[in-house]
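Structure file protein_16.pdb; described as PDB, C-alpha atoms, pLDDT in the B column.
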```
ATOM      1  CA  MET A   1      66.151 -44.251 -51.113  1.00 49.00           C
ATOM      2  CA  THR A   2      63.906 -45.872 -48.510  1.00 57.00           C
ATOM      3  CA  ALA A   3      65.467 -43.842 -45.679  1.00 56.00           C
ATOM      4  CA  SER A   4      64.668 -40.510 -47.329  1.00 57.00           C
ATOM      5  CA  ARG A   5      61.098 -41.646 -48.055  1.00 55.00           C
ATOM      6  CA  ARG A   6      60.551 -42.481 -44.392  1.00 57.00           C
ATOM      7  CA  GLN A   7      61.532 -38.977 -43.400  1.00 62.00           C
ATOM      8  CA  ARG A   8      58.973 -37.409 -45.789  1.00 66.00           C
ATOM      9  CA  ILE A   9      56.011 -39.595 -44.749  1.00 76.00           C
ATOM     10  CA  GLY A  10      53.646 -37.852 -42.301  1.00 81.00           C
ATOM     11  CA  PHE A  11      52.909 -34.270 -41.367  1.00 84.00           C
ATOM     12  CA  THR A  12      55.190 -31.678 -39.886  1.00 89.00           C
ATOM     13  CA  LEU A  13      54.455 -30.005 -36.566  1.00 90.00           C
ATOM     14  CA  ILE A  14      53.685 -26.725 -38.345  1.00 92.00           C
ATOM     15  CA  GLU A  15      51.090 -28.388 -40.610  1.00 91.00           C
ATOM     16  CA  LEU A  16      49.386 -30.048 -37.636  1.00 92.00           C
ATOM     17  CA  THR A  17      49.377 -26.753 -35.709  1.00 93.00           C
ATOM     18  CA  LEU A  18      47.832 -24.869 -38.641  1.00 93.00           C
ATOM     19  CA  VAL A  19      45.074 -27.454 -39.103  1.00 94.00           C
ATOM     20  CA  THR A  20      44.311 -27.424 -35.360  1.00 95.00           C
ATOM     21  CA  LEU A  21      44.199 -23.628 -35.351  1.00 94.00           C
ATOM     22  CA  LEU A  22      41.827 -23.608 -38.335  1.00 94.00           C
ATOM     23  CA  VAL A  23      39.470 -26.109 -36.665  1.00 93.00           C
ATOM     24  CA  LEU A  24      39.452 -24.050 -33.440  1.00 92.00           C
ATOM     25  CA  ILE A  25      38.641 -20.842 -35.326  1.00 90.00           C
ATOM     26  CA  LEU A  26      35.742 -22.494 -37.158  1.00 89.00           C
ATOM     27  CA  ALA A  27      34.384 -23.940 -33.898  1.00 87.00           C
ATOM     28  CA  GLY A  28      34.665 -20.540 -32.199  1.00 87.00           C
ATOM     29  CA  LEU A  29      32.755 -18.831 -34.994  1.00 85.00           C
ATOM     30  CA  SER A  30      29.963 -21.406 -35.173  1.00 81.00           C
ATOM     31  CA  THR A  31      29.216 -21.697 -31.420  1.00 77.00           C
ATOM     32  CA  PRO A  32      27.286 -18.395 -31.083  1.00 76.00           C
ATOM     33  CA  LEU A  33      25.217 -19.237 -34.162  1.00 73.00           C
ATOM     34  CA  PHE A  34      24.400 -22.654 -32.715  1.00 73.00           C
ATOM     35  CA  LYS A  35      23.355 -21.161 -29.349  1.00 74.00           C
ATOM     36  CA  LYS A  36      21.090 -18.601 -31.055  1.00 76.00           C
ATOM     37  CA  THR A  37      19.467 -21.292 -33.181  1.00 77.00           C
ATOM     38  CA  LEU A  38      18.935 -23.575 -30.185  1.00 81.00           C
ATOM     39  CA  SER A  39      17.308 -20.840 -28.057  1.00 82.00           C
ATOM     40  CA  ASP A  40      15.115 -19.811 -31.008  1.00 85.00           C
ATOM     41  CA  LEU A  41      13.935 -23.420 -31.435  1.00 88.00           C
ATOM     42  CA  SER A  42      13.161 -23.652 -27.700  1.00 90.00           C
ATOM     43  CA  ALA A  43      11.113 -20.435 -27.855  1.00 90.00           C
ATOM     44  CA  ARG A  44       9.228 -21.660 -30.928  1.00 91.00           C
ATOM     45  CA  ASN A  45       8.513 -25.057 -29.342  1.00 93.00           C
ATOM     46  CA  THR A  46       7.251 -23.425 -26.129  1.00 93.00           C
ATOM     47  CA  SER A  47       4.998 -21.081 -28.128  1.00 93.00           C
ATOM     48  CA  PHE A  48       3.466 -24.025 -29.977  1.00 93.00           C
ATOM     49  CA  SER A  49       2.997 -25.883 -26.672  1.00 93.00           C
ATOM     50  CA  ILE A  50       1.083 -22.906 -25.256  1.00 93.00           C
ATOM     51  CA  CYS A  51      -1.005 -22.804 -28.433  1.00 91.00           C
ATOM     52  CA  LYS A  52      -1.853 -26.505 -28.127  1.00 92.00           C
ATOM     53  CA  LEU A  53      -2.816 -26.055 -24.463  1.00 92.00           C
ATOM     54  CA  ILE A  54      -5.074 -23.144 -25.445  1.00 91.00           C
ATOM     55  CA  ASN A  55      -6.835 -25.284 -28.058  1.00 90.00           C
ATOM     56  CA  TYR A  56      -7.198 -28.149 -25.574  1.00 92.00           C
ATOM     57  CA  ALA A  57      -8.658 -25.829 -22.917  1.00 92.00           C
ATOM     58  CA  GLN A  58     -11.201 -24.442 -25.363  1.00 90.00           C
ATOM     59  CA  GLU A  59     -12.286 -27.931 -26.442  1.00 91.00           C
ATOM     60  CA  MET A  60     -12.618 -29.137 -22.840  1.00 92.00           C
ATOM     61  CA  ALA A  61     -14.636 -26.058 -21.839  1.00 92.00           C
ATOM     62  CA  VAL A  62     -17.133 -26.731 -24.624  1.00 92.00           C
ATOM     63  CA  LEU A  63     -17.279 -30.507 -24.074  1.00 93.00           C
ATOM     64  CA  GLU A  64     -17.600 -30.425 -20.278  1.00 93.00           C
ATOM     65  CA  ARG A  65     -19.693 -27.225 -20.183  1.00 93.00           C
ATOM     66  CA  LYS A  66     -17.531 -25.505 -17.547  1.00 92.00           C
ATOM     67  CA  ASN A  67     -14.854 -22.848 -17.418  1.00 93.00           C
ATOM     68  CA  TYR A  68     -11.181 -23.632 -17.841  1.00 94.00           C
ATOM     69  CA  LYS A  69      -8.302 -21.288 -17.184  1.00 94.00           C
ATOM     70  CA  ILE A  70      -4.646 -21.163 -18.161  1.00 94.00           C
ATOM     71  CA  ALA A  71      -2.729 -19.349 -15.427  1.00 94.00           C
ATOM     72  CA  PHE A  72       0.657 -17.788 -16.245  1.00 94.00           C
ATOM     73  CA  ASP A  73       3.335 -17.046 -13.659  1.00 94.00           C
ATOM     74  CA  PHE A  74       5.527 -14.557 -15.499  1.00 92.00           C
ATOM     75  CA  LYS A  75       8.104 -14.171 -12.699  1.00 93.00           C
ATOM     76  CA  LYS A  76       8.809 -17.899 -12.391  1.00 93.00           C
ATOM     77  CA  GLY A  77       8.279 -18.723 -16.082  1.00 92.00           C
ATOM     78  CA  ARG A  78       5.506 -21.277 -15.557  1.00 94.00           C
ATOM     79  CA  TYR A  79       1.965 -21.933 -16.743  1.00 95.00           C
ATOM     80  CA  GLN A  80      -0.770 -24.416 -15.878  1.00 95.00           C
ATOM     81  CA  LEU A  81      -4.257 -25.487 -16.940  1.00 95.00           C
ATOM     82  CA  LEU A  82      -6.975 -25.208 -14.283  1.00 94.00           C
ATOM     83  CA  GLU A  83     -10.677 -26.112 -14.223  1.00 93.00           C
ATOM     84  CA  LEU A  84     -13.530 -24.434 -12.394  1.00 92.00           C
ATOM     85  CA  SER A  85     -14.390 -26.329  -9.213  1.00 88.00           C
ATOM     86  CA  SER A  86     -16.955 -23.924  -7.732  1.00 77.00           C
ATOM     87  CA  SER A  87     -18.698 -20.895  -9.129  1.00 70.00           C
ATOM     88  CA  GLY A  88     -18.709 -18.952  -5.864  1.00 74.00           C
ATOM     89  CA  LYS A  89     -17.410 -15.428  -5.400  1.00 81.00           C
ATOM     90  CA  PRO A  90     -14.570 -15.431  -6.361  1.00 84.00           C
ATOM     91  CA  PRO A  91     -14.612 -18.576  -8.520  1.00 86.00           C
ATOM     92  CA  VAL A  92     -12.196 -21.299  -7.417  1.00 90.00           C
ATOM     93  CA  TYR A  93     -10.075 -23.127  -9.971  1.00 91.00           C
ATOM     94  CA  LYS A  94      -8.304 -26.415  -9.311  1.00 92.00           C
ATOM     95  CA  LYS A  95      -5.546 -28.258 -11.113  1.00 91.00           C
ATOM     96  CA  VAL A  96      -6.629 -30.462 -14.014  1.00 90.00           C
ATOM     97  CA  THR A  97      -5.774 -34.132 -13.615  1.00 89.00           C
ATOM     98  CA  GLY A  98      -3.643 -35.887 -16.190  1.00 88.00           C
ATOM     99  CA  ARG A  99      -0.763 -34.725 -18.323  1.00 88.00           C
ATOM    100  CA  PHE A 100      -2.400 -31.432 -19.303  1.00 88.00           C
ATOM    101  CA  GLY A 101      -2.753 -30.420 -15.659  1.00 86.00           C
ATOM    102  CA  ARG A 102       0.922 -30.519 -14.831  1.00 91.00           C
ATOM    103  CA  LEU A 103       2.878 -27.350 -14.195  1.00 92.00           C
ATOM    104  CA  PHE A 104       4.711 -26.419 -17.394  1.00 94.00           C
ATOM    105  CA  GLY A 105       8.047 -24.640 -17.032  1.00 92.00           C
ATOM    106  CA  LEU A 106      10.178 -22.808 -19.535  1.00 91.00           C
ATOM    107  CA  PRO A 107      13.533 -24.090 -20.752  1.00 89.00           C
ATOM    108  CA  GLN A 108      16.586 -22.257 -19.462  1.00 88.00           C
ATOM    109  CA  GLY A 109      17.213 -18.903 -21.147  1.00 87.00           C
ATOM    110  CA  LEU A 110      13.545 -18.166 -21.902  1.00 91.00           C
ATOM    111  CA  SER A 111      11.156 -15.802 -20.148  1.00 91.00           C
ATOM    112  CA  LEU A 112       7.419 -15.133 -20.217  1.00 92.00           C
ATOM    113  CA  SER A 113       5.639 -11.805 -20.327  1.00 91.00           C
ATOM    114  CA  GLY A 114       2.112 -10.857 -21.163  1.00 90.00           C
ATOM    115  CA  SER A 115      -0.881  -8.601 -20.911  1.00 86.00           C
ATOM    116  CA  ARG A 116      -2.706 -10.704 -18.281  1.00 88.00           C
ATOM    117  CA  SER A 117      -1.828 -13.467 -15.844  1.00 90.00           C
ATOM    118  CA  GLY A 118      -4.487 -15.826 -17.162  1.00 90.00           C
ATOM    119  CA  VAL A 119      -7.019 -16.583 -19.835  1.00 91.00           C
ATOM    120  CA  ILE A 120     -10.456 -18.078 -19.130  1.00 92.00           C
ATOM    121  CA  PHE A 121     -12.266 -20.351 -21.597  1.00 92.00           C
ATOM    122  CA  TYR A 122     -16.065 -20.429 -21.384  1.00 92.00           C
ATOM    123  CA  PRO A 123     -18.512 -23.238 -22.290  1.00 92.00           C
ATOM    124  CA  ASP A 124     -19.921 -21.306 -25.251  1.00 90.00           C
ATOM    125  CA  GLY A 125     -16.524 -21.411 -26.991  1.00 85.00           C
ATOM    126  CA  HIS A 126     -15.257 -17.889 -26.409  1.00 88.00           C
ATOM    127  CA  CYS A 127     -12.383 -16.811 -24.175  1.00 89.00           C
ATOM    128  CA  ASP A 128     -10.661 -13.733 -22.805  1.00 86.00           C
ATOM    129  CA  GLU A 129      -8.186 -11.946 -25.032  1.00 88.00           C
ATOM    130  CA  ILE A 130      -4.543 -12.284 -24.042  1.00 88.00           C
ATOM    131  CA  ASN A 131      -1.097 -11.752 -25.476  1.00 91.00           C
ATOM    132  CA  VAL A 132       1.754 -13.901 -24.101  1.00 92.00           C
ATOM    133  CA  ASN A 133       5.379 -13.463 -25.160  1.00 92.00           C
ATOM    134  CA  VAL A 134       7.965 -16.251 -25.007  1.00 93.00           C
ATOM    135  CA  LEU A 135      11.267 -14.372 -25.134  1.00 91.00           C
ATOM    136  CA  THR A 136      14.968 -15.082 -25.545  1.00 88.00           C
ATOM    137  CA  ARG A 137      17.724 -12.481 -25.246  1.00 84.00           C
ATOM    138  CA  LEU A 138      17.379 -11.484 -28.896  1.00 82.00           C
ATOM    139  CA  GLY A 139      13.710 -12.057 -29.681  1.00 86.00           C
ATOM    140  CA  GLY A 140      11.073 -14.704 -29.366  1.00 90.00           C
ATOM    141  CA  TYR A 141       7.441 -15.359 -30.211  1.00 92.00           C
ATOM    142  CA  SER A 142       4.157 -13.714 -29.332  1.00 91.00           C
ATOM    143  CA  VAL A 143       1.053 -15.865 -28.807  1.00 91.00           C
ATOM    144  CA  LYS A 144      -2.116 -13.817 -29.195  1.00 90.00           C
ATOM    145  CA  VAL A 145      -5.530 -15.238 -28.325  1.00 86.00           C
ATOM    146  CA  LYS A 146      -8.577 -13.491 -29.675  1.00 80.00           C
ATOM    147  CA  ARG A 147     -12.175 -14.058 -28.617  1.00 72.00           C
ATOM    148  CA  PHE A 148     -12.247 -17.665 -29.789  1.00 64.00           C
ATOM    149  CA  GLY A 149      -9.477 -20.193 -29.108  1.00 55.00           C
ATOM    150  CA  ASN A 150      -9.197 -21.181 -32.750  1.00 62.00           C
ATOM    151  CA  MET A 151      -8.069 -17.613 -33.440  1.00 74.00           C
ATOM    152  CA  VAL A 152      -4.642 -18.153 -31.860  1.00 83.00           C
ATOM    153  CA  GLU A 153      -1.923 -16.228 -33.652  1.00 85.00           C
ATOM    154  CA  ILE A 154       1.829 -16.775 -33.277  1.00 86.00           C
ATOM    155  CA  LYS A 155       4.211 -14.066 -34.480  1.00 87.00           C
ATOM    156  CA  GLU A 156       7.962 -13.730 -34.297  1.00 86.00           C
ATOM    157  CA  VAL A 157       9.228 -10.865 -32.120  1.00 83.00           C
ATOM    158  CA  ASN A 158      12.628  -9.211 -32.530  1.00 79.00           C
ATOM    159  CA  ILE A 159      14.180  -7.188 -29.725  1.00 71.00           C
ATOM    160  CA  GLU A 160      16.073  -4.127 -30.947  1.00 60.00           C
ATOM    161  CA  GLN A 161      19.467  -3.669 -29.316  1.00 50.00           C
TER     162      GLN A 161
END
```
For this file, write the structure as structure tokens.
Amino acid sequence: MTASRRQRIGFTLIELTLVTLLVLILAGLSTPLFKKTLSDLSARNTSFSICKLINYAQEMAVLERKNYKIAFDFKKGRYQLLELSSSGKPPVYKKVTGRFGRLFGLPQGLSLSGSRSGVIFYPDGHCDEINVNVLTRLGGYSVKVKRFGNMVEIKEVNIEQ
């Protein structure tokens, strides 16, 4: 009786193969969904970072009574905050010191596009209008700045295939 029980304890090779196959199928089906969700979260986070930088630039322009500019490099997927250093013709902007003056880059798989390569914030609180898109392969987010920095609008964008 104990010998026959020993033979029945455990799993057969067919049962182990079926369970392994089922796990592999589930992993294969969930990977594309995970990648889409991860790229969507990266696009959303980048859009909110641009929005925060816009609000910071507007506040600094009003507090320091000088122009600030956010320059976008759409080809390289970068953006940076600059401050007015001289009001000559043309005006010269220099990099802001501190953590807000660093060159911000996009995470892999994202791209930038927009209506203008920069937005200027003036000491009286208004700014240029601009529309910047943070895009993935399937969609992304649009950051729209109206005449005042507190009028920043973020909308989801879907790309039709």
Inset, instruction - Let me know the residues the PyMOL selection byres ((chain A and resi 105) around 10) catches in the file above, as JSON, numbers by chain. - result: {"A": [46, 73, 76, 77, 78, 79, 80, 102, 103, 104, 106, 107, 108, 110, 111]}
Inset, instruction - Compare A:Arg147, A:Arg99, A:Lys155, A:Arg137 by their minimum atom-to-atom distance to Lys36 in chain A, counting all atoms listed in the file, and give me the closest one. - result: A:Arg137
Inset, instruction - Could you tell me which residues the PyMOL selection byres ((chain A and resi 128) around 10) returns for this structure, as number ranges by chain? - result: A: 69, 116, 118-122, 126-127, 129-130, 145-149
Inset, instruction - Extract, using all atoms listed in the file, all DNA, RNA and protein residues at most 8 Å from Arg44 in chain A, discarding same-chain residues fewer than 4 positions from it, and format them as JSON, numbers by chain. - result: {"A": [40, 48, 140, 141]}
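Every residue that the PyMOL selection byres ((chain A and resi 124) around 8) selects in this file is listed here: Ala61, Val62, Arg65, Tyr122, Pro123, Gly125 and His126 of chain A.
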Inset, instruction - Considering all atoms listed in the file, state which residue in the set A:Leu84, A:Met60, A:Val132, A:Leu24 is at the smallest distance from Glu153 in chain A. - result: A:Val132
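Separating CA of Ser39 in chain A from CA of Val157 in chain A is a distance of 13.5 Å.
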Inset, instruction - Could you please determine the separation between CA of Lys75 in chain A and CA of Ala43 in chain A in Å, to one decimal place? - result: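 Rounded to one decimal, the two atoms are 16.7 Å apart.
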Inset, instruction - Give me, please, the distance in Å between CA of Phe72 in chain A and CA of Gly88 in chain A, quoted to one decimal. - result: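 If I compute the distance from CA of Phe72 in chain A to CA of Gly88 in chain A, I get 22.0 Å.
In terms of minimum interatomic distance to Thr136 in chain A, A:Leu38 ranks closest within A:Ala57, A:Leu63, A:Leu38, A:Met151, counting only C-alpha atoms.
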